[in-house]
$ cat data_37.pdb   # PDB, C-alpha atoms
MODEL        1
ATOM      1  CA  MET A   1     -12.602 -18.436   7.956
ATOM      2  CA  PRO A   2     -13.261 -19.723  11.503
ATOM      3  CA  HIS A   3     -11.657 -18.409  14.684
ATOM      4  CA  ILE A   4      -7.881 -18.164  14.342
ATOM      5  CA  THR A   5      -6.279 -20.089  17.182
ATOM      6  CA  ASN A   6      -2.865 -19.357  18.609
ATOM      7  CA  GLU A   7      -1.640 -22.648  17.148
ATOM      8  CA  GLN A   8      -2.490 -21.474  13.630
ATOM      9  CA  ILE A   9      -0.186 -18.476  13.977
ATOM     10  CA  ALA A  10       3.426 -18.996  12.911
ATOM     11  CA  PRO A  11       5.393 -19.862  16.088
ATOM     12  CA  ASP A  12       7.732 -16.869  15.983
ATOM     13  CA  LEU A  13       4.768 -14.481  15.568
ATOM     14  CA  ARG A  14       2.623 -15.786  18.414
ATOM     15  CA  SER A  15       3.832 -13.403  21.104
ATOM     16  CA  ALA A  16       3.412 -10.436  18.748
ATOM     17  CA  GLY A  17      -0.022 -11.752  17.825
ATOM     18  CA  ARG A  18      -1.129 -11.925  21.456
ATOM     19  CA  THR A  19       0.004  -8.353  22.009
ATOM     20  CA  ALA A  20      -1.697  -7.122  18.841
ATOM     21  CA  ARG A  21      -4.957  -8.811  19.781
ATOM     22  CA  THR A  22      -5.102  -6.938  23.076
ATOM     23  CA  MET A  23      -4.320  -3.587  21.435
ATOM     24  CA  ILE A  24      -6.014  -3.769  18.021
ATOM     25  CA  LYS A  25      -9.375  -5.487  17.675
ATOM     26  CA  GLY A  26     -12.594  -4.680  15.865
ATOM     27  CA  MET A  27     -11.735  -1.079  15.036
ATOM     28  CA  SER A  28     -14.678   1.297  14.703
ATOM     29  CA  VAL A  29     -15.047   4.708  13.080
ATOM     30  CA  LYS A  30     -14.491   6.245  16.499
ATOM     31  CA  THR A  31     -11.270   4.246  16.868
ATOM     32  CA  PHE A  32     -10.112   5.299  13.402
ATOM     33  CA  ARG A  33     -10.579   8.971  14.302
ATOM     34  CA  ARG A  34      -8.814   8.653  17.644
ATOM     35  CA  SER A  35      -5.899   6.797  16.037
ATOM     36  CA  ASN A  36      -5.481   9.596  13.524
ATOM     37  CA  TRP A  37      -5.572  12.225  16.254
ATOM     38  CA  LEU A  38      -2.837  10.415  18.188
ATOM     39  CA  MET A  39      -0.653   9.862  15.130
ATOM     40  CA  ALA A  40      -1.046  13.467  14.037
ATOM     41  CA  LYS A  41      -0.011  14.629  17.496
ATOM     42  CA  PHE A  42       3.099  12.496  17.835
ATOM     43  CA  MET A  43       4.137  11.630  14.275
ATOM     44  CA  LYS A  44       3.027  14.153  11.684
ATOM     45  CA  GLY A  45       5.784  16.523  10.631
ATOM     46  CA  HIS A  46       8.538  14.604  12.454
ATOM     47  CA  PHE A  47      11.243  13.408  10.059
ATOM     48  CA  PRO A  48      14.129  11.031  10.919
ATOM     49  CA  SER A  49      17.606  12.488  10.618
ATOM     50  CA  ASP A  50      18.884   9.594   8.515
ATOM     51  CA  LEU A  51      16.493  10.395   5.649
ATOM     52  CA  ASN A  52      16.565  13.396   3.341
ATOM     53  CA  VAL A  53      12.900  14.403   3.563
ATOM     54  CA  GLN A  54      11.426  17.413   1.800
ATOM     55  CA  THR A  55       7.844  18.671   1.886
ATOM     56  CA  ARG A  56       6.041  19.769  -1.259
ATOM     57  CA  GLU A  57       2.472  20.937  -1.830
ATOM     58  CA  VAL A  58       0.414  20.307  -4.950
ATOM     59  CA  ALA A  59      -2.819  22.119  -5.766
ATOM     60  CA  ARG A  60      -5.947  20.026  -6.155
ATOM     61  CA  PRO A  61      -8.562  21.094  -8.726
ATOM     62  CA  ASP A  62     -10.730  22.545  -5.928
ATOM     63  CA  GLY A  63      -7.891  24.817  -4.770
ATOM     64  CA  SER A  64      -6.973  22.855  -1.639
ATOM     65  CA  TRP A  65      -3.455  21.514  -1.204
ATOM     66  CA  LEU A  66      -2.110  17.977  -1.149
ATOM     67  CA  ARG A  67       0.966  17.510   1.022
ATOM     68  CA  LEU A  68       3.723  15.319  -0.411
ATOM     69  CA  LEU A  69       6.782  14.024   1.377
ATOM     70  CA  VAL A  70       9.678  13.578  -1.035
ATOM     71  CA  VAL A  71      12.567  11.457   0.235
ATOM     72  CA  LEU A  72      15.725  11.955  -1.806
ATOM     73  CA  PRO A  73      18.784   9.725  -1.540
ATOM     74  CA  LYS A  74      21.457  10.949   0.843
ATOM     75  CA  ASP A  75      23.966  10.330  -1.937
ATOM     76  CA  PRO A  76      22.063  11.218  -5.139
ATOM     77  CA  LYS A  77      22.954   9.454  -8.374
ATOM     78  CA  PRO A  78      21.511  10.059 -11.837
ATOM     79  CA  LEU A  79      18.456   8.230 -13.150
ATOM     80  CA  ALA A  80      16.963   7.176  -9.819
ATOM     81  CA  THR A  81      13.899   4.960  -9.626
ATOM     82  CA  GLY A  82      10.852   7.090  -8.867
ATOM     83  CA  VAL A  83       8.553   5.446  -6.326
ATOM     84  CA  LEU A  84       5.068   6.575  -5.399
ATOM     85  CA  TRP A  85       4.486   5.003  -1.971
ATOM     86  CA  LEU A  86       0.925   4.853  -0.614
ATOM     87  CA  HIS A  87       0.606   4.216   3.111
ATOM     88  CA  GLY A  88      -1.777   1.706   4.664
ATOM     89  CA  GLY A  89      -4.418   2.065   7.338
ATOM     90  CA  GLY A  90      -7.669   0.729   5.894
ATOM     91  CA  TYR A  91      -8.152   3.924   3.852
ATOM     92  CA  ALA A  92      -9.143   5.437   7.204
ATOM     93  CA  ILE A  93      -5.970   5.746   9.284
ATOM     94  CA  GLY A  94      -2.492   7.071   8.889
ATOM     95  CA  PHE A  95      -0.019   9.542   7.501
ATOM     96  CA  PRO A  96       2.972   9.135   5.203
ATOM     97  CA  GLU A  97       5.311   9.626   8.180
ATOM     98  CA  MET A  98       4.415   6.181   9.497
ATOM     99  CA  ASP A  99       6.023   4.477   6.487
ATOM    100  CA  PHE A 100       9.560   5.839   6.703
ATOM    101  CA  ALA A 101      10.746   2.310   7.552
ATOM    102  CA  TYR A 102       9.661   1.188   4.074
ATOM    103  CA  VAL A 103      11.422   4.165   2.485
ATOM    104  CA  ARG A 104      14.587   3.330   4.371
ATOM    105  CA  ARG A 105      14.492  -0.275   3.172
ATOM    106  CA  ILE A 106      13.857   0.783  -0.429
ATOM    107  CA  GLN A 107      16.826   3.127  -0.370
ATOM    108  CA  GLN A 108      18.992   0.407   1.158
ATOM    109  CA  VAL A 109      18.705  -1.641  -2.021
ATOM    110  CA  ALA A 110      18.115   0.895  -4.806
ATOM    111  CA  ASN A 111      18.896   4.402  -5.954
ATOM    112  CA  ALA A 112      15.362   5.695  -5.398
ATOM    113  CA  VAL A 113      13.399   8.876  -4.864
ATOM    114  CA  VAL A 114      10.267   8.069  -2.865
ATOM    115  CA  VAL A 115       7.166  10.270  -2.919
ATOM    116  CA  LEU A 116       4.608   9.740  -0.151
ATOM    117  CA  PRO A 117       1.288  11.610  -0.470
ATOM    118  CA  ASP A 118      -0.760  12.595   2.548
ATOM    119  CA  TYR A 119      -3.888  11.463   0.737
ATOM    120  CA  ARG A 120      -7.322  12.215   2.146
ATOM    121  CA  LEU A 121      -8.629   9.552   4.518
ATOM    122  CA  ALA A 122     -12.124   8.132   4.559
ATOM    123  CA  THR A 123     -12.724   9.763   7.949
ATOM    124  CA  GLU A 124     -12.687  13.115   6.135
ATOM    125  CA  ALA A 125     -13.702  12.231   2.577
ATOM    126  CA  PRO A 126     -14.843   8.896   1.079
ATOM    127  CA  TYR A 127     -13.951   7.475  -2.329
ATOM    128  CA  PRO A 128     -12.796   8.881  -4.744
ATOM    129  CA  ALA A 129     -10.804  11.393  -2.662
ATOM    130  CA  ALA A 130      -7.869   9.053  -1.945
ATOM    131  CA  LEU A 131      -7.748   7.865  -5.552
ATOM    132  CA  ASP A 132      -7.836  11.431  -6.854
ATOM    133  CA  ASP A 133      -4.937  12.349  -4.562
ATOM    134  CA  ALA A 134      -2.991   9.259  -5.607
ATOM    135  CA  TYR A 135      -3.390  10.074  -9.309
ATOM    136  CA  LEU A 136      -2.456  13.718  -8.721
ATOM    137  CA  SER A 137       0.696  12.497  -6.940
ATOM    138  CA  LEU A 138       1.569  10.109  -9.750
ATOM    139  CA  THR A 139       1.267  12.800 -12.395
ATOM    140  CA  TRP A 140       3.309  15.158 -10.212
ATOM    141  CA  LEU A 141       6.062  12.535  -9.961
ATOM    142  CA  ARG A 142       6.053  12.077 -13.725
ATOM    143  CA  ASP A 143       6.070  15.811 -14.443
ATOM    144  CA  ASN A 144       8.887  16.472 -11.977
ATOM    145  CA  ALA A 145      10.949  13.374 -12.709
ATOM    146  CA  ILE A 146      13.877  15.178 -14.351
ATOM    147  CA  ASN A 147      14.125  17.807 -11.600
ATOM    148  CA  LEU A 148      14.070  15.052  -8.973
ATOM    149  CA  GLY A 149      16.811  13.070 -10.725
ATOM    150  CA  VAL A 150      14.327  10.314 -11.573
ATOM    151  CA  ASN A 151      14.403   8.208 -14.726
ATOM    152  CA  PRO A 152      11.047   8.905 -16.467
ATOM    153  CA  ARG A 153      11.091   5.341 -17.749
ATOM    154  CA  GLN A 154      11.206   3.908 -14.254
ATOM    155  CA  LEU A 155       8.213   5.005 -12.230
ATOM    156  CA  PHE A 156       6.972   2.476  -9.659
ATOM    157  CA  VAL A 157       3.814   2.447  -7.513
ATOM    158  CA  ALA A 158       3.795   0.592  -4.202
ATOM    159  CA  GLY A 159       2.213   0.492  -0.771
ATOM    160  CA  GLU A 160       1.040  -1.783   2.008
ATOM    161  CA  SER A 161      -2.456  -2.892   3.056
ATOM    162  CA  ALA A 162      -4.916  -0.169   1.962
ATOM    163  CA  GLY A 163      -1.937   1.447   0.235
ATOM    164  CA  GLY A 164      -1.570  -1.782  -1.716
ATOM    165  CA  GLY A 165      -5.238  -1.681  -2.637
ATOM    166  CA  LEU A 166      -4.892   1.943  -3.655
ATOM    167  CA  THR A 167      -1.886   0.946  -5.775
ATOM    168  CA  ALA A 168      -4.021  -1.516  -7.733
ATOM    169  CA  ALA A 169      -6.919   0.938  -8.004
ATOM    170  CA  LEU A 170      -4.634   3.720  -9.208
ATOM    171  CA  LEU A 171      -3.091   1.529 -11.885
ATOM    172  CA  LEU A 172      -6.512   0.483 -13.165
ATOM    173  CA  TYR A 173      -7.619   4.105 -13.267
ATOM    174  CA  ASN A 174      -4.394   5.145 -14.988
ATOM    175  CA  ARG A 175      -4.818   2.346 -17.537
ATOM    176  CA  ASP A 176      -8.354   3.441 -18.386
ATOM    177  CA  HIS A 177      -8.235   7.215 -17.924
ATOM    178  CA  GLY A 178      -4.638   8.336 -17.388
ATOM    179  CA  ASN A 179      -1.412   8.633 -19.306
ATOM    180  CA  VAL A 180       1.446   7.816 -16.907
ATOM    181  CA  ASP A 181       3.833   5.012 -17.850
ATOM    182  CA  VAL A 182       4.412   2.785 -14.802
ATOM    183  CA  ALA A 183       7.059   0.071 -14.904
ATOM    184  CA  PHE A 184       6.356  -1.918 -11.723
ATOM    185  CA  GLN A 185       3.847  -2.314  -8.918
ATOM    186  CA  MET A 186       4.358  -3.636  -5.398
ATOM    187  CA  PRO A 187       1.046  -3.864  -3.501
ATOM    188  CA  LEU A 188       2.022  -5.619  -0.258
ATOM    189  CA  TYR A 189      -0.764  -7.610   1.466
ATOM    190  CA  PRO A 190      -3.289  -5.397  -0.335
ATOM    191  CA  MET A 191      -6.849  -4.461   0.694
ATOM    192  CA  LEU A 192      -8.634  -5.078  -2.603
ATOM    193  CA  ASP A 193     -12.189  -6.365  -2.262
ATOM    194  CA  ASP A 194     -15.161  -5.051  -0.295
ATOM    195  CA  ARG A 195     -17.130  -8.230  -0.944
ATOM    196  CA  PRO A 196     -17.046 -11.393   1.205
ATOM    197  CA  THR A 197     -14.302 -13.928   0.487
ATOM    198  CA  GLU A 198     -13.468 -17.191   2.192
ATOM    199  CA  THR A 199     -10.797 -15.463   4.293
ATOM    200  CA  ASN A 200     -12.229 -12.024   5.094
ATOM    201  CA  VAL A 201     -15.453 -13.286   6.712
ATOM    202  CA  ASP A 202     -15.474 -14.163  10.436
ATOM    203  CA  ASN A 203     -11.713 -13.731  10.595
ATOM    204  CA  ASP A 204     -10.414 -12.668  14.008
ATOM    205  CA  ALA A 205      -6.689 -12.868  13.250
ATOM    206  CA  PRO A 206      -4.438 -10.308  14.981
ATOM    207  CA  VAL A 207      -3.966  -6.727  13.723
ATOM    208  CA  TRP A 208      -6.786  -6.597  11.136
ATOM    209  CA  ASP A 209      -9.979  -8.609  11.509
ATOM    210  CA  SER A 210     -13.351  -8.849   9.786
ATOM    211  CA  THR A 211     -14.948  -6.164  11.944
ATOM    212  CA  SER A 212     -12.213  -3.622  11.220
ATOM    213  CA  ASN A 213     -12.350  -4.536   7.547
ATOM    214  CA  GLU A 214     -16.113  -4.102   7.227
ATOM    215  CA  ASN A 215     -16.095  -0.794   9.103
ATOM    216  CA  ALA A 216     -13.242   0.534   6.994
ATOM    217  CA  TRP A 217     -14.863  -0.416   3.690
ATOM    218  CA  ASN A 218     -18.207   1.099   4.724
ATOM    219  CA  LEU A 219     -16.457   4.336   5.633
ATOM    220  CA  TYR A 220     -14.405   4.447   2.427
ATOM    221  CA  LEU A 221     -17.255   3.575   0.066
ATOM    222  CA  GLY A 222     -19.800   5.834   1.755
ATOM    223  CA  GLU A 223     -23.131   5.711  -0.087
ATOM    224  CA  LEU A 224     -21.760   3.047  -2.437
ATOM    225  CA  ALA A 225     -21.258   0.546   0.386
ATOM    226  CA  GLY A 226     -23.338  -2.591  -0.018
ATOM    227  CA  THR A 227     -24.502  -1.698  -3.525
ATOM    228  CA  LYS A 228     -23.770  -3.198  -6.930
ATOM    229  CA  ASP A 229     -22.387   0.121  -8.099
ATOM    230  CA  VAL A 230     -18.944  -0.087  -6.475
ATOM    231  CA  PRO A 231     -16.427   0.677  -9.268
ATOM    232  CA  ILE A 232     -13.200  -1.210  -9.774
ATOM    233  CA  TYR A 233     -11.324   2.009  -9.009
ATOM    234  CA  ALA A 234     -12.718   1.846  -5.455
ATOM    235  CA  ALA A 235     -12.411  -1.913  -4.927
ATOM    236  CA  PRO A 236      -9.928  -3.261  -7.496
ATOM    237  CA  GLY A 237     -10.664  -6.834  -6.432
ATOM    238  CA  ARG A 238     -13.817  -6.445  -8.511
ATOM    239  CA  ALA A 239     -11.786  -6.040 -11.716
ATOM    240  CA  SER A 240     -11.762  -9.240 -13.769
ATOM    241  CA  ASN A 241      -9.584  -7.885 -16.589
ATOM    242  CA  LEU A 242      -6.134  -6.759 -15.487
ATOM    243  CA  GLU A 243      -4.608  -6.450 -18.950
ATOM    244  CA  GLY A 244      -2.277  -3.516 -19.371
ATOM    245  CA  LEU A 245      -1.075  -3.331 -15.778
ATOM    246  CA  PRO A 246       2.655  -3.420 -14.950
ATOM    247  CA  PRO A 247       4.530  -6.426 -13.511
ATOM    248  CA  ALA A 248       3.936  -7.024  -9.820
ATOM    249  CA  TYR A 249       5.316  -8.393  -6.587
ATOM    250  CA  THR A 250       3.406  -8.999  -3.369
ATOM    251  CA  PHE A 251       3.438 -11.122  -0.253
ATOM    252  CA  ILE A 252       0.674 -12.266   2.067
ATOM    253  CA  GLY A 253       0.144 -14.261   5.263
ATOM    254  CA  THR A 254      -2.133 -17.284   5.015
ATOM    255  CA  ILE A 255      -4.373 -16.504   8.009
ATOM    256  CA  GLU A 256      -5.109 -12.848   7.339
ATOM    257  CA  PRO A 257      -8.356 -11.481   5.839
ATOM    258  CA  PHE A 258      -6.760 -10.382   2.552
ATOM    259  CA  TYR A 259      -5.273 -13.779   1.702
ATOM    260  CA  ALA A 260      -7.972 -14.907  -0.774
ATOM    261  CA  GLU A 261      -8.306 -11.570  -2.575
ATOM    262  CA  THR A 262      -4.529 -11.284  -2.945
ATOM    263  CA  LEU A 263      -4.333 -14.747  -4.530
ATOM    264  CA  THR A 264      -7.152 -13.776  -6.900
ATOM    265  CA  TYR A 265      -5.379 -10.564  -7.912
ATOM    266  CA  VAL A 266      -2.157 -12.425  -8.667
ATOM    267  CA  ARG A 267      -4.006 -15.126 -10.588
ATOM    268  CA  ARG A 268      -5.792 -12.525 -12.738
ATOM    269  CA  LEU A 269      -2.557 -10.691 -13.457
ATOM    270  CA  ARG A 270      -0.985 -13.925 -14.611
ATOM    271  CA  ALA A 271      -4.055 -14.761 -16.713
ATOM    272  CA  ALA A 272      -3.525 -11.410 -18.446
ATOM    273  CA  GLY A 273       0.041 -12.410 -19.287
ATOM    274  CA  ILE A 274       1.593 -10.142 -16.665
ATOM    275  CA  ARG A 275       4.437 -11.305 -14.473
ATOM    276  CA  ALA A 276       3.235 -11.386 -10.865
ATOM    277  CA  ASP A 277       5.486 -12.793  -8.149
ATOM    278  CA  LEU A 278       3.979 -13.878  -4.835
ATOM    279  CA  ASP A 279       5.416 -14.996  -1.509
ATOM    280  CA  ARG A 280       3.090 -16.720   0.976
ATOM    281  CA  TYR A 281       3.860 -17.041   4.681
ATOM    282  CA  ARG A 282       2.120 -19.860   6.499
ATOM    283  CA  GLY A 283       0.626 -18.667   9.761
ATOM    284  CA  GLY A 284       1.323 -15.047   8.937
ATOM    285  CA  PHE A 285      -1.201 -12.426  10.004
ATOM    286  CA  HIS A 286      -1.667  -8.913   8.641
ATOM    287  CA  ALA A 287       1.431  -6.699   8.459
ATOM    288  CA  LEU A 288       3.630  -9.542   9.652
ATOM    289  CA  ASP A 289       6.715  -7.673   8.448
ATOM    290  CA  LEU A 290       5.913  -4.776  10.788
ATOM    291  CA  PHE A 291       4.573  -6.549  13.862
ATOM    292  CA  GLY A 292       7.148  -9.302  13.490
ATOM    293  CA  ALA A 293       9.956  -7.057  12.258
ATOM    294  CA  LYS A 294      12.523  -8.594  14.631
ATOM    295  CA  LYS A 295      11.336 -12.174  14.146
ATOM    296  CA  PRO A 296      12.693 -14.577  11.512
ATOM    297  CA  LEU A 297       9.486 -14.604   9.467
ATOM    298  CA  GLY A 298       9.230 -10.815   9.456
ATOM    299  CA  LYS A 299      12.871 -10.476   8.501
ATOM    300  CA  GLU A 300      12.419 -13.010   5.701
ATOM    301  CA  ALA A 301       9.395 -11.152   4.321
ATOM    302  CA  THR A 302      11.304  -7.873   4.324
ATOM    303  CA  ALA A 303      14.386  -9.386   2.707
ATOM    304  CA  ARG A 304      12.299 -11.010  -0.020
ATOM    305  CA  TRP A 305      10.391  -7.866  -0.987
ATOM    306  CA  GLN A 306      13.631  -5.890  -0.929
ATOM    307  CA  ARG A 307      15.171  -8.433  -3.298
ATOM    308  CA  SER A 308      12.195  -8.193  -5.651
ATOM    309  CA  PHE A 309      12.315  -4.402  -5.545
ATOM    310  CA  ARG A 310      16.053  -4.374  -6.264
ATOM    311  CA  ASP A 311      15.547  -6.727  -9.212
ATOM    312  CA  ALA A 312      12.766  -4.515 -10.585
ATOM    313  CA  ALA A 313      14.917  -1.406 -10.177
ATOM    314  CA  THR A 314      17.612  -3.200 -12.177
ATOM    315  CA  HIS A 315      15.451  -4.582 -14.977
ATOM    316  CA  ASN A 316      12.000  -2.950 -15.204
ATOM    317  CA  TYR A 317      11.583   0.000 -17.558
ATOM    318  CA  SER A 318       8.496   1.275 -19.316
ATOM    319  CA  GLN A 319       8.258   2.022 -22.996
ATOM    320  CA  ILE A 320       7.289   5.688 -23.044
ATOM    321  CA  ARG A 321       4.201   6.001 -25.254
ATOM    322  CA  ARG A 322       3.061   9.409 -26.445
TER     323      ARG A 322
ENDMDL
END
$ encode --input "data_37.pdb" --output "structure tokens"
Amino acid sequence: MPHITNEQIAPDLRSAGRTARTMIKGMSVKTFRRSNWLMAKFMKGHFPSDLNVQTREVARPDGSWLRLLVVLPKDPKPLATGVLWLHGGGYAIGFPEMDFAYVRRIQQVANAVVVLPDYRLATEAPYPAALDDAYLSLTWLRDNAINLGVNPRQLFVAGESAGGGLTAALLLYNRDHGNVDVAFQMPLYPMLDDRPTETNVDNDAPVWDSTSNENAWNLYLGELAGTKDVPIYAAPGRASNLEGLPPAYTFIGTIEPFYAETLTYVRRLRAAGIRADLDRYRGGFHALDLFGAKKPLGKEATARWQRSFRDAATHNYSQIRR
């Protein structure tokens, strides 16, 4: 994709795009590490008063501990939807605390318990560390569903950006190696494919560009980067057969790097006979719902995914197989 001009950006996102371009451009490993240091200093461990946040710890096989944030409804009702939410950040940046806005919007439209793992980032451990943590979190949610007030037949997996990619990777891994019944997936503008596509090459759109994308994938894949040995559980865009995955919803902006790989993922889900709903936003760049949260297009994107989530929470149940 050639240089993204200001005219190609949706009109109500242009001012946000100009600001993002001055602040976020061509992120390097050094930038990833500094971003994490700043977020840890000012964000980690700080919980908003309007959410009922609890901290849990789960033992990994090596004896270390995975931190989970569990957000319970303020007004609990029986048989809540259990949501595993995986935060974004290119597999290299972030903490679950940065996604409380998504939790808030989920709980606005559904009776939901949301579990957010502080999965290991590529700056500290490459693939498969994040996937291992995601699967450990999913099994923990399943095993603790009754105690959390969650309906065991209604476990969802969702996330944005790299969290969306990790959602797809986790569901492929669970299909092939796991035993958790998942009723719905919501990978928003997901980071799925380490290989070149027509929209992730030479893309300098705001927020996330080709340079940031390449650096993030190289960090996440480690020694696998640039080889033919990258598994589908690391880069789920490489998976051609998506049979057995749960129904999906996603949205994507047309000028962002992940546009082509998101369309491919949806097309392959549909080819496998799986319902996959997609909203496309012309002129939308990466994370348009966050950077344009107060703009009409950002508000529309949020309202549409909330509607899809509410519909799934009303209708989507798994058939427990044992």
$ atom_distance --input "data_37.pdb" --atom1 "CA of Lys30 (chain A)" --atom2 "CA of Ala122 (chain A)"
12.3 Å
$ residues_around --input "data_37.pdb" --residues "Gly94 (chain A)" --least-positions-apart "6" --cutoff "8 Å" --atoms "all atoms listed in the file" --output "PyMOL selection string"
chain A and resi 35-36+39+87-88+121
$ closest_atom_pairs --input "data_37.pdb" --of "region 221-254 of chain A" --to "region 158-174 of chain A" --cutoff "8 Å" --atoms "all atoms listed in the file" --output "CSV"
residue,atom,partner,partner_atom,distance
A:Ile232,CA,A:Ala169,CA,6.9
A:Tyr233,CA,A:Ala169,CA,4.6
A:Ala234,CA,A:Ala169,CA,6.4
A:Ala235,CA,A:Ala169,CA,6.9
A:Pro236,CA,A:Ala169,CA,5.2
A:Leu242,CA,A:Leu172,CA,7.6
A:Leu245,CA,A:Leu171,CA,6.5
$ closest_residue --input "data_37.pdb" --among "A:Ile93, A:Leu297, A:Val230, A:Ala112" --to "Met27 (chain A)" --atoms "all atoms listed in the file"
A:Ile93
$ atom_distance --input "data_37.pdb" --atom1 "CA of Arg307 (chain A)" --atom2 "CA of Lys74 (chain A)"
20.8 Å
$ residues_around --input "data_37.pdb" --residues "Ser308 (chain A)" --least-positions-apart "3" --cutoff "12 Å" --atoms "all atoms listed in the file" --output "list in words"
Ile106, Val109, Ala110, Phe184, Gln185, Met186, Leu188, Pro247, Ala248, Tyr249, Thr250, Phe251, Ala276, Asp277, Leu278, Asp279, Ala301, Thr302, Ala303, Arg304, Trp305, Asp311, Ala312, Ala313, Thr314, His315 and Asn316 of chain A
$ resolve_selection --input "data_37.pdb" --expression "the PyMOL selection byres ((chain A and resi 203-215) around 8)" --output "PyMOL selection string"
chain A and resi 1-4+17-18+20-21+24-29+90+194+199-202+216-219+255-257+285-287
$ closest_residue --input "data_37.pdb" --among "A:Val266, A:Leu86, A:Leu148, A:Met98" --to "Arg120 (chain A)" --atoms "only C-alpha atoms"
A:Leu86
$ closest_residue --input "data_37.pdb" --among "A:Trp140, A:Phe291, A:Tyr189, A:Phe100" --to "Phe47 (chain A)" --atoms "all atoms listed in the file"
A:Phe100
$ atom_distance --input "data_37.pdb" --atom1 "CA of Asn151 (chain A)" --atom2 "CA of Trp85 (chain A)"
16.5 Å
$ resolve_selection --input "data_37.pdb" --expression "the PyMOL selection byres ((chain A and resi 71) around 7)" --output "PyMOL selection string"
chain A and resi 51-54+69-70+72-73+113-115
$ closest_residue --input "data_37.pdb" --among "A:Ser49, A:Thr264, A:Thr197, A:Thr254" --to "Arg280 (chain A)" --atoms "all atoms listed in the file"
A:Thr254
$ closest_residue --input "data_37.pdb" --among "A:Phe309, A:Pro126, A:Val58, A:Pro78" --to "Gln107 (chain A)" --atoms "only C-alpha atoms"
A:Phe309
$ closest_residue --input "data_37.pdb" --among "A:Gly244, A:Pro231, A:Pro196, A:Gly273" --to "Leu131 (chain A)" --atoms "only C-alpha atoms"
A:Pro231
$ residues_around --input "data_37.pdb" --residues "Pro11 (chain A)" --least-positions-apart "2" --cutoff "12 Å" --atoms "all atoms listed in the file" --output "PyMOL selection string"
chain A and resi 5-9+13-18+281-285+292+295-298
$ axis_aligned_box --input "data_37.pdb" --around "region 5-17 of chain A" --padding-each-side "4 Å" --output "JSON"
{"center_x": 0.7, "center_y": -16.5, "center_z": 17.0, "size_x": 22.0, "size_y": 20.2, "size_z": 16.2}
$ residues_around --input "data_37.pdb" --residues "Asp133 (chain A)" --least-positions-apart "6" --cutoff "8 Å" --atoms "only C-alpha atoms" --output "number ranges by chain"
A: 60, 66, 117, 119-120
$ resolve_selection --input "data_37.pdb" --expression "the PyMOL selection byres ((chain A and resi 68) around 6)" --output "list in words"
Thr55, Arg56, Glu57, Arg67, Leu69, Leu116 and Pro117 of chain A
